[in-house]
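Visitor: Handing you this structure, nothing more for now.
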Amino acid sequence: MPRSCGAVLPRTRTINCTWSASVFIRSWKFQIPFANLFALNRRNTALLAGLVILALAFTALFSRLGHYALWDDEAGTALSAIGIWRTGDTAALLDHNIVAYERGKDLRNLRERLMPPLPGYLAAPFIGLLGRNAWAARLPFALCGALCVALMLWWVFRDPACSSSSSSSSSSCSEENTDPPHISLVFFGVALLTNVSFFLFCRQCRYYAPAMLTSVALAWLYVQSAKSEIRNPKSEITDQSRDREGALRGESKDEIQAPKSEDQARSLKKRCLILFSFLSICLFASNYLNWAAFWVCLGVDYLILGRKQIQLRWPDWLILFLPQVMVCGFIFLTWNPFKILASTESYPVVGKALHLWWCARDVVTCEFVCPVLVALGLLLAISRGSRVEGLGTTRDEGRGALSTGPDHLSTGEGCRNACWSFTFYVSRFTHLSRRNSAKADHATRNTQHAIRNTFHPWLPRACLCLIIYVITVSLLVPKPPSLRGVAAVRYFTPIIPLSIAISTMALSALYVRSRLAAVALAITAFSSSLFNGGPFLSTGLQSSQFKFLQELITPPGDPYSVAAQWIEKNVADKESLWVMPDFATYPLMYHAPAPTYAWQLDWPPTKEEFRRLDPSYFFWRVPPKYIIAFGPATDLVRQALASWNRPELAYKQIATIDYYWREMHRPELFWRAFRPITQFDHSTEAIFIFRLQEP
């Protein structure tokens, strides 16, 4: 036995067992991969914080995922997935039922041809293998949300601001690292975990989570390409820059690799372009508007700055766009919304300027974006130059003294240099000796470098992309309806991760200047709706984070679940059932598929393929045996039956489900009730069931 072990272990019965284990491992020189996991260093602290963020995010994504029944848009995606699982295509005929949303306007050859197909194909194997339930339908989209969280978290870890704190030494820091521990990671975790809309939209059986995931992945590839050495294969990285990159990654000098050869760089660029093209196709197959808005933002950024950082030759352009033209062209010709929407009745429309105002207002109301933090990012971008120059040294002087690499390699590294700001301000307002004044000048240069590097150069570009994205989507939405006076905020879900990134970068930059201001601003922005117009909303000032937590603990019910349960108990197989309003038909069709859901199509048929369908699908052809009316639709049912002019047919109300008729579990915050609705008119706002009387 080694002396150290024999000398130490017998005398350490009361000593900490962790310290004893470390002595034992050092004495025997064991090479255990996780031996340093319990060491309280900054790298493991960040790893532990990342695991906590992942655990909390996964809890918010998967807790009670199948509690609510699918609402109408979700049910449309899930029913298309069932058709895909059975036929390989978005078939509308499912056994004895037909999915004919809005009189079958989105059907061609009895196949759904309106919405992009990726969400349906993504949900098909889960529903086919796990059963026809809400949990199976939502699971793949929650997994996409989990992957999006993991990618964003990995992005934060790869950022030099976080990596720099794990390095043991640096040219601009003292040996004892006293900078704020991974402040960017802390702000990211808080911004993510308090964004209720992110989790609500990722928990839906819709395109929201795939669109966010692919948008984040595309943005990561673009940013990494702009930062990477592959943007110019002929350029050489100096030994000093390469050593600094390796130090930021926590590598020793022996582990730092030599710069890639030109062939390796071209091969890596080619793989990145292929992956970029594939992800862009996935985004297109998720939602056309999100794909168009992303490429508008990318094009503007590339024309302004990106073309100087990413050099593409004509073969690169072919690799990037040729697959998209072929695959996206096929998808668009098959699922073409313009052929369908052009032939349908148009809603009243509003002006583009008014619709833009609705979009900007409602993305703030739904807490997609915190306008104060976006404004902070823009102000930091404007004041960056004057703030740095005002510290007493010129820009070139500071760079000559402290810069060790290109601008893109030193992005965000200022967090570890923030400790010098205290020395600088002390030296400015106290009388020091001449030798201490020289040290203060060195601290001044370090402070200047810290403030410059803490400001992320992608912050103003992210803010600009956010503004362009909102404008683009608001202009591209075809015929914005004015029926409810609100915007279709579901088209703006990819800006939620962008808003989280802007909040993280802005607060991290502010933290170096004023820790108290950054912490106070973060607490106010992420704990209530104060900065999102809460005092001016009908709900007043509230905390959606607290309400969402309450909902996860004690979730309320929903009208579709109770109605489906009644149908399963009281309606026999293939008995006809008419549901009003018509959008409520499809959640019931998914959760209670036994009846034949009647009266979905107009008579005479508007399309030739409808003529061979069962007569019960058409209005006024065959009277349905049951009628389920949700809330105010009861009056419409009575008016419709009276206009039929068939006095021999009589319907009697046989049951009332005493539950508020409207689905209040949609992801939009202005349409969501986190608690059950108990204050309503039970005579007009419940669920009413009628049955055809036998002659």
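By convention here, the chains of the structure tokens are called A, B, ... in the order presented, each chain's residues are numbered starting at 1, and ligands are numbered starting at 1 in the order presented.
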Show me, as a tab-separated table, the residues of segment 645-669 of chain A having an atom within 10 Å of segment 189-206 of chain A, each with the closest atom pair and its distance in Å, using only C-alpha atoms.

Guide:
residue	atom	partner	partner_atom	distance
A:His665	CA	A:Leu200	CA	9.3
A:Arg666	CA	A:Leu200	CA	8.3
A:Pro667	CA	A:Leu200	CA	5.2
A:Glu668	CA	A:Ser197	CA	7.4
A:Leu669	CA	A:Ser197	CA	7.4

Visitor: Would you kindly return, as a CSV table (one decimal) with C-alpha atoms, in the first residue's frame, each protein, DNA or RNA residue with an atom no farther than 8 Å from any atom of Ile502 of chain A, considering only C-alpha atoms and excluding same-chain residues fewer than 2 positions away?

Guide:
chain,number,residue,atom,x,y,z
A,373,LEU,CA,-35.4,44.2,-22.9
A,374,VAL,CA,-35.5,44.6,-26.7
A,377,GLY,CA,-30.6,45.8,-26.4
A,459,LEU,CA,-27.4,41.6,-30.0
A,462,ALA,CA,-31.0,39.9,-33.2
A,463,CYS,CA,-33.1,42.9,-32.4
A,498,LEU,CA,-35.1,34.8,-30.4
A,499,SER,CA,-36.6,36.9,-27.6
A,500,ILE,CA,-35.0,34.7,-25.0
A,504,THR,CA,-30.0,37.0,-22.2
A,505,MET,CA,-27.5,39.1,-24.1
A,506,ALA,CA,-29.0,42.4,-23.0

Visitor: Fewer than 4 positions away in the same chain doesn't count, so skip those; otherwise give me all residues within 9 Å of Cys282 of chain A, counting only C-alpha atoms, as a PyMOL selection string.

Guide: chain A and resi 118+210-211+214+277-278+286-287

Visitor: Save the residues we just selected, all heavy atoms, as a PDB file, in the first residue's frame?

Guide:
ATOM      1  N   LEU A 118     -45.507  18.301 -42.587  1.00  0.00           N
ATOM      2  CA  LEU A 118     -44.562  17.746 -41.622  1.00  0.00           C
ATOM      3  C   LEU A 118     -45.188  17.454 -40.260  1.00  0.00           C
ATOM      4  O   LEU A 118     -44.917  16.385 -39.686  1.00  0.00           O
ATOM      5  CB  LEU A 118     -43.366  18.682 -41.458  1.00  0.00           C
ATOM      6  CG  LEU A 118     -42.278  18.195 -40.485  1.00  0.00           C
ATOM      7  CD1 LEU A 118     -41.688  16.882 -40.955  1.00  0.00           C
ATOM      8  CD2 LEU A 118     -41.192  19.241 -40.315  1.00  0.00           C
ATOM      9  N   PRO A 210     -41.923  22.231 -33.998  1.00  0.00           N
ATOM     10  CA  PRO A 210     -40.971  22.000 -35.096  1.00  0.00           C
ATOM     11  C   PRO A 210     -40.465  23.280 -35.740  1.00  0.00           C
ATOM     12  O   PRO A 210     -39.284  23.362 -36.109  1.00  0.00           O
ATOM     13  CB  PRO A 210     -41.789  21.158 -36.093  1.00  0.00           C
ATOM     14  CG  PRO A 210     -42.822  20.490 -35.273  1.00  0.00           C
ATOM     15  CD  PRO A 210     -43.168  21.462 -34.194  1.00  0.00           C
ATOM     16  N   ALA A 211     -41.333  24.288 -35.871  1.00  0.00           N
ATOM     17  CA  ALA A 211     -40.885  25.556 -36.452  1.00  0.00           C
ATOM     18  C   ALA A 211     -39.863  26.238 -35.557  1.00  0.00           C
ATOM     19  O   ALA A 211     -38.865  26.793 -36.043  1.00  0.00           O
ATOM     20  CB  ALA A 211     -42.085  26.472 -36.694  1.00  0.00           C
ATOM     21  N   THR A 214     -36.437  24.052 -35.747  1.00  0.00           N
ATOM     22  CA  THR A 214     -35.683  24.236 -36.987  1.00  0.00           C
ATOM     23  C   THR A 214     -35.165  25.661 -37.122  1.00  0.00           C
ATOM     24  O   THR A 214     -34.060  25.872 -37.628  1.00  0.00           O
ATOM     25  CB  THR A 214     -36.563  23.872 -38.188  1.00  0.00           C
ATOM     26  OG1 THR A 214     -37.817  24.576 -38.102  1.00  0.00           O
ATOM     27  CG2 THR A 214     -36.834  22.387 -38.228  1.00  0.00           C
ATOM     28  N   SER A 277     -29.571  23.238 -45.654  1.00  0.00           N
ATOM     29  CA  SER A 277     -30.623  23.041 -46.640  1.00  0.00           C
ATOM     30  C   SER A 277     -31.690  22.075 -46.132  1.00  0.00           C
ATOM     31  O   SER A 277     -32.894  22.295 -46.319  1.00  0.00           O
ATOM     32  CB  SER A 277     -30.024  22.524 -47.948  1.00  0.00           C
ATOM     33  OG  SER A 277     -31.014  22.357 -48.937  1.00  0.00           O
ATOM     34  N   PHE A 278     -31.274  21.003 -45.471  1.00  0.00           N
ATOM     35  CA  PHE A 278     -32.229  20.038 -44.937  1.00  0.00           C
ATOM     36  C   PHE A 278     -33.116  20.675 -43.870  1.00  0.00           C
ATOM     37  O   PHE A 278     -34.345  20.487 -43.862  1.00  0.00           O
ATOM     38  CB  PHE A 278     -31.477  18.839 -44.367  1.00  0.00           C
ATOM     39  CG  PHE A 278     -32.349  17.887 -43.592  1.00  0.00           C
ATOM     40  CD1 PHE A 278     -33.201  17.017 -44.256  1.00  0.00           C
ATOM     41  CD2 PHE A 278     -32.317  17.871 -42.208  1.00  0.00           C
ATOM     42  CE1 PHE A 278     -34.013  16.146 -43.545  1.00  0.00           C
ATOM     43  CE2 PHE A 278     -33.121  17.001 -41.493  1.00  0.00           C
ATOM     44  CZ  PHE A 278     -33.974  16.141 -42.165  1.00  0.00           C
ATOM     45  N   SER A 286     -42.994  22.671 -42.239  1.00  0.00           N
ATOM     46  CA  SER A 286     -43.732  22.932 -41.004  1.00  0.00           C
ATOM     47  C   SER A 286     -44.710  24.080 -41.181  1.00  0.00           C
ATOM     48  O   SER A 286     -45.884  23.971 -40.818  1.00  0.00           O
ATOM     49  CB  SER A 286     -42.759  23.243 -39.862  1.00  0.00           C
ATOM     50  OG  SER A 286     -41.909  22.146 -39.603  1.00  0.00           O
ATOM     51  N   ASN A 287     -44.220  25.189 -41.734  1.00  0.00           N
ATOM     52  CA  ASN A 287     -45.084  26.343 -41.946  1.00  0.00           C
ATOM     53  C   ASN A 287     -44.441  27.242 -42.995  1.00  0.00           C
ATOM     54  O   ASN A 287     -43.276  27.608 -42.873  1.00  0.00           O
ATOM     55  CB  ASN A 287     -45.297  27.110 -40.643  1.00  0.00           C
ATOM     56  CG  ASN A 287     -46.311  28.221 -40.780  1.00  0.00           C
ATOM     57  OD1 ASN A 287     -45.959  29.368 -41.047  1.00  0.00           O
ATOM     58  ND2 ASN A 287     -47.575  27.893 -40.597  1.00  0.00           N
TER      59      ASN A 287
END

Visitor: Can you pull out every residue from segment 33-223 of chain A that DSSP, working from the backbone, puts in strand (DSSP E or B), and format the result as number ranges by chain?

Guide: A: 91, 93-94, 97-98, 107-108, 111-112

Visitor: I need the residues from that last selection saved to file as an mmCIF file, in the first residue's frame (with N, CA and C atoms), if you can.

Guide:
data_model
loop_
_atom_site.group_PDB
_atom_site.id
_atom_site.type_symbol
_atom_site.label_atom_id
_atom_site.label_comp_id
_atom_site.auth_asym_id
_atom_site.auth_seq_id
_atom_site.Cartn_x
_atom_site.Cartn_y
_atom_site.Cartn_z
ATOM 1 N N ALA A 91 -55.117 11.446 -45.943
ATOM 2 C CA ALA A 91 -56.461 11.044 -46.343
ATOM 3 C C ALA A 91 -57.491 11.608 -45.378
ATOM 4 N N LEU A 93 -60.863 10.482 -45.382
ATOM 5 C CA LEU A 93 -61.820 9.444 -45.019
ATOM 6 C C LEU A 93 -61.198 8.506 -43.992
ATOM 7 N N LEU A 94 -61.774 8.501 -42.802
ATOM 8 C CA LEU A 94 -61.298 7.654 -41.714
ATOM 9 C C LEU A 94 -62.453 6.761 -41.292
ATOM 10 N N ASN A 97 -66.129 8.056 -41.111
ATOM 11 C CA ASN A 97 -66.153 9.502 -40.914
ATOM 12 C C ASN A 97 -65.298 10.198 -41.965
ATOM 13 N N ILE A 98 -65.587 11.467 -42.162
ATOM 14 C CA ILE A 98 -64.804 12.292 -43.071
ATOM 15 C C ILE A 98 -64.387 13.557 -42.326
ATOM 16 N N LEU A 107 -59.964 20.170 -48.934
ATOM 17 C CA LEU A 107 -59.862 18.823 -49.501
ATOM 18 C C LEU A 107 -59.746 18.888 -51.015
ATOM 19 N N ARG A 108 -58.857 18.043 -51.530
ATOM 20 C CA ARG A 108 -58.767 17.790 -52.969
ATOM 21 C C ARG A 108 -58.559 16.295 -53.149
ATOM 22 N N ARG A 111 -58.351 14.366 -49.941
ATOM 23 C CA ARG A 111 -57.114 14.451 -49.179
ATOM 24 C C ARG A 111 -56.888 15.893 -48.751
ATOM 25 N N GLU A 112 -56.382 16.035 -47.553
ATOM 26 C CA GLU A 112 -56.158 17.372 -47.015
ATOM 27 C C GLU A 112 -54.966 17.993 -47.728
#

Visitor: For Ala598 of chain A, find every residue with an atom within 12 Å (counting only C-alpha atoms), except residues of its own chain fewer than 6 positions away, and show them as an MDAnalysis selection string.

Guide: chainID A and resid 96:100 103 574:580 582 585:586 589 613:628

Visitor: What would the file look like if the residues just selected were written as a short mmCIF file (atom, residue, chain, number, x, y, z; two decimals), in the first residue's frame with C-alpha atoms?

Guide:
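Writing the result to again-v4.cif gives the following:
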data_model
loop_
_atom_site.label_atom_id
_atom_site.label_comp_id
_atom_site.auth_asym_id
_atom_site.auth_seq_id
_atom_site.Cartn_x
_atom_site.Cartn_y
_atom_site.Cartn_z
CA HIS A 96 -67.11 5.85 -41.48
CA ASN A 97 -66.15 9.50 -40.91
CA ILE A 98 -64.80 12.29 -43.07
CA VAL A 99 -62.63 15.20 -41.93
CA ALA A 100 -64.17 18.11 -43.84
CA ARG A 103 -67.33 22.47 -45.59
CA LYS A 574 -72.18 4.66 -36.51
CA GLU A 575 -75.17 6.53 -35.09
CA SER A 576 -75.30 9.97 -36.69
CA LEU A 577 -74.33 13.01 -34.67
CA TRP A 578 -74.30 16.68 -35.59
CA VAL A 579 -72.01 19.01 -33.63
CA MET A 580 -72.35 22.77 -33.50
CA ASP A 582 -68.59 22.91 -36.66
CA THR A 585 -66.66 18.33 -34.47
CA TYR A 586 -63.03 17.32 -34.89
CA MET A 589 -64.14 12.86 -33.78
CA LEU A 613 -70.01 10.11 -50.22
CA ASP A 614 -72.60 8.94 -47.71
CA PRO A 615 -75.72 11.18 -47.64
CA SER A 616 -75.44 11.67 -43.89
CA TYR A 617 -72.39 13.92 -44.44
CA PHE A 618 -74.52 16.54 -46.25
CA PHE A 619 -76.77 19.15 -44.74
CA TRP A 620 -80.54 18.50 -44.90
CA ARG A 621 -80.18 15.09 -46.53
CA VAL A 622 -80.56 12.70 -43.59
CA PRO A 623 -81.60 13.96 -40.15
CA PRO A 624 -78.98 13.16 -37.50
CA LYS A 625 -80.04 11.14 -34.47
CA TYR A 626 -78.15 13.29 -31.97
CA ILE A 627 -77.22 16.96 -31.85
CA ILE A 628 -74.61 18.41 -29.51
#

Visitor: When you look at Ala150 of chain A with a cut-off of 8 Å (counting only C-alpha atoms), what residues show up, excluding the ones that are within fewer than 4 positions of it in the same chain? I need them as a PDB file with all heavy atoms, in the first residue's frame.

Guide:
ATOM      1  N   LEU A  54     -32.447  22.026 -17.555  1.00  0.00           N
ATOM      2  CA  LEU A  54     -33.046  20.967 -18.370  1.00  0.00           C
ATOM      3  C   LEU A  54     -34.152  20.238 -17.617  1.00  0.00           C
ATOM      4  O   LEU A  54     -35.230  19.966 -18.179  1.00  0.00           O
ATOM      5  CB  LEU A  54     -31.969  19.974 -18.801  1.00  0.00           C
ATOM      6  CG  LEU A  54     -31.130  20.321 -20.030  1.00  0.00           C
ATOM      7  CD1 LEU A  54     -30.123  19.213 -20.290  1.00  0.00           C
ATOM      8  CD2 LEU A  54     -32.003  20.525 -21.260  1.00  0.00           C
ATOM      9  N   ALA A 146     -38.234  19.906 -26.286  1.00  0.00           N
ATOM     10  CA  ALA A 146     -37.099  19.503 -25.450  1.00  0.00           C
ATOM     11  C   ALA A 146     -35.785  19.618 -26.215  1.00  0.00           C
ATOM     12  O   ALA A 146     -34.767  20.079 -25.663  1.00  0.00           O
ATOM     13  CB  ALA A 146     -37.307  18.076 -24.954  1.00  0.00           C
ATOM     14  N   TRP A 154     -27.047  24.286 -25.037  1.00  0.00           N
ATOM     15  CA  TRP A 154     -25.716  23.958 -25.556  1.00  0.00           C
ATOM     16  C   TRP A 154     -25.085  25.175 -26.222  1.00  0.00           C
ATOM     17  O   TRP A 154     -23.872  25.392 -26.126  1.00  0.00           O
ATOM     18  CB  TRP A 154     -25.839  22.804 -26.542  1.00  0.00           C
ATOM     19  CG  TRP A 154     -24.525  22.286 -27.029  1.00  0.00           C
ATOM     20  CD1 TRP A 154     -23.526  21.739 -26.283  1.00  0.00           C
ATOM     21  CD2 TRP A 154     -24.054  22.262 -28.376  1.00  0.00           C
ATOM     22  NE1 TRP A 154     -22.472  21.367 -27.077  1.00  0.00           N
ATOM     23  CE2 TRP A 154     -22.769  21.676 -28.372  1.00  0.00           C
ATOM     24  CE3 TRP A 154     -24.600  22.670 -29.587  1.00  0.00           C
ATOM     25  CZ2 TRP A 154     -22.027  21.507 -29.530  1.00  0.00           C
ATOM     26  CZ3 TRP A 154     -23.864  22.488 -30.741  1.00  0.00           C
ATOM     27  CH2 TRP A 154     -22.586  21.915 -30.709  1.00  0.00           C
TER      28      TRP A 154
END

Visitor: Given only C-alpha atoms as the basis, pick out the residue of A:Pro337, A:Pro140, A:Pro315, A:Gly104 nearest to Pro119 of chain A.

Guide: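 Using only C-alpha atoms, the shortest distance to Pro119 of chain A belongs to A:Pro140.
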
Visitor: Using only C-alpha atoms, determine which residues lie at most 10 Å from Thr684 of chain A, disregarding the query and same-chain residues fewer than 3 positions distant; provide the list as number ranges by chain.

Guide: A: 630-635, 660-661, 680-681, 687-688

Visitor: Please produce an output containing N, CA, C and O atoms for each residue in the selection, written as a PDB file, in the first residue's frame.

Guide:
ATOM      1  N   PHE A 630     -72.784  23.488 -28.402  1.00  0.00           N
ATOM      2  CA  PHE A 630     -71.918  24.101 -27.394  1.00  0.00           C
ATOM      3  C   PHE A 630     -72.329  25.564 -27.205  1.00  0.00           C
ATOM      4  O   PHE A 630     -72.176  26.391 -28.114  1.00  0.00           O
ATOM      5  N   GLY A 631     -72.852  25.879 -26.052  1.00  0.00           N
ATOM      6  CA  GLY A 631     -73.139  27.252 -25.683  1.00  0.00           C
ATOM      7  C   GLY A 631     -74.081  27.970 -26.620  1.00  0.00           C
ATOM      8  O   GLY A 631     -75.180  27.477 -26.939  1.00  0.00           O
ATOM      9  N   PRO A 632     -73.701  29.156 -27.104  1.00  0.00           N
ATOM     10  CA  PRO A 632     -74.587  29.954 -27.958  1.00  0.00           C
ATOM     11  C   PRO A 632     -74.977  29.271 -29.254  1.00  0.00           C
ATOM     12  O   PRO A 632     -75.926  29.715 -29.912  1.00  0.00           O
ATOM     13  N   ALA A 633     -74.299  28.229 -29.666  1.00  0.00           N
ATOM     14  CA  ALA A 633     -74.670  27.516 -30.887  1.00  0.00           C
ATOM     15  C   ALA A 633     -76.031  26.846 -30.768  1.00  0.00           C
ATOM     16  O   ALA A 633     -76.605  26.437 -31.787  1.00  0.00           O
ATOM     17  N   THR A 634     -76.569  26.750 -29.566  1.00  0.00           N
ATOM     18  CA  THR A 634     -77.891  26.159 -29.402  1.00  0.00           C
ATOM     19  C   THR A 634     -78.945  26.952 -30.162  1.00  0.00           C
ATOM     20  O   THR A 634     -79.840  26.379 -30.799  1.00  0.00           O
ATOM     21  N   ASP A 635     -78.870  28.268 -30.114  1.00  0.00           N
ATOM     22  CA  ASP A 635     -79.819  29.094 -30.859  1.00  0.00           C
ATOM     23  C   ASP A 635     -79.674  28.874 -32.360  1.00  0.00           C
ATOM     24  O   ASP A 635     -80.674  28.852 -33.090  1.00  0.00           O
ATOM     25  N   TYR A 660     -68.632  24.922 -18.863  1.00  0.00           N
ATOM     26  CA  TYR A 660     -68.506  26.064 -19.767  1.00  0.00           C
ATOM     27  C   TYR A 660     -68.109  25.567 -21.155  1.00  0.00           C
ATOM     28  O   TYR A 660     -67.171  24.780 -21.310  1.00  0.00           O
ATOM     29  N   TRP A 661     -68.786  26.071 -22.178  1.00  0.00           N
ATOM     30  CA  TRP A 661     -68.735  25.467 -23.507  1.00  0.00           C
ATOM     31  C   TRP A 661     -67.442  25.751 -24.273  1.00  0.00           C
ATOM     32  O   TRP A 661     -67.046  24.967 -25.126  1.00  0.00           O
ATOM     33  N   PHE A 680     -70.620  31.441 -15.164  1.00  0.00           N
ATOM     34  CA  PHE A 680     -71.174  31.550 -16.505  1.00  0.00           C
ATOM     35  C   PHE A 680     -72.673  31.280 -16.430  1.00  0.00           C
ATOM     36  O   PHE A 680     -73.194  30.751 -15.430  1.00  0.00           O
ATOM     37  N   ASP A 681     -73.362  31.635 -17.491  1.00  0.00           N
ATOM     38  CA  ASP A 681     -74.803  31.442 -17.561  1.00  0.00           C
ATOM     39  C   ASP A 681     -75.092  29.977 -17.885  1.00  0.00           C
ATOM     40  O   ASP A 681     -74.864  29.516 -19.007  1.00  0.00           O
ATOM     41  N   ILE A 687     -73.282  22.897 -22.310  1.00  0.00           N
ATOM     42  CA  ILE A 687     -73.293  21.993 -23.463  1.00  0.00           C
ATOM     43  C   ILE A 687     -74.640  21.267 -23.453  1.00  0.00           C
ATOM     44  O   ILE A 687     -74.988  20.599 -22.464  1.00  0.00           O
ATOM     45  N   PHE A 688     -75.367  21.380 -24.548  1.00  0.00           N
ATOM     46  CA  PHE A 688     -76.728  20.853 -24.618  1.00  0.00           C
ATOM     47  C   PHE A 688     -76.792  19.737 -25.660  1.00  0.00           C
ATOM     48  O   PHE A 688     -76.231  19.853 -26.747  1.00  0.00           O
TER      49      PHE A 688
END

Visitor: Ranking A:Thr678, A:Gln653, A:Ser474, A:Ser643 by minimum distance to Cys359 of chain A and counting only C-alpha atoms, which one comes first?

Guide: A:Ser474

Visitor: For the atom pair atom CA of Leu61 of chain A and atom CA of Gln224 of chain A, what is the interatomic distance in Å to one decimal place?

Guide: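 Atom-to-atom, atom CA of Leu61 of chain A and atom CA of Gln224 of chain A are spaced 27.8 Å apart.
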
Visitor: For Pro605 of chain A, which of A:Arg43, A:Arg646, A:Lys105, A:Arg266 is the closest residue, counting only C-alpha atoms?

Guide: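 Closest to Pro605 of chain A of all the choices is A:Lys105.
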
Visitor: Using only C-alpha atoms, which of A:Ala124, A:Ala381, A:Ala209, A:Leu130 sits nearest Pro497 of chain A?

Guide: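 Of A:Ala124, A:Ala381, A:Ala209, A:Leu130, the one nearest Pro497 of chain A is A:Ala209, counting only C-alpha atoms.
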
Visitor: I'd like the neighbourhood of segment 133-139 of chain A as a ChimeraX atom specification, where a residue qualifies if any of its atoms comes within 12 Å (using only C-alpha atoms), though same-chain residues fewer than 4 positions away should be ignored.

Guide: /A:58,61-71,74-82,119-129,143-146,200-210,560-561,564,587-593

Visitor: Determine which residues of segment 602-647 of chain A DSSP labels as alpha helix (DSSP H) from the backbone of this structure, then write them out as a list of chain:residue names.

Guide: A:Ala633, A:Thr634, A:Asp635, A:Leu636, A:Val637, A:Arg638, A:Gln639, A:Ala640, A:Leu641, A:Ala642, A:Ser643, A:Trp644
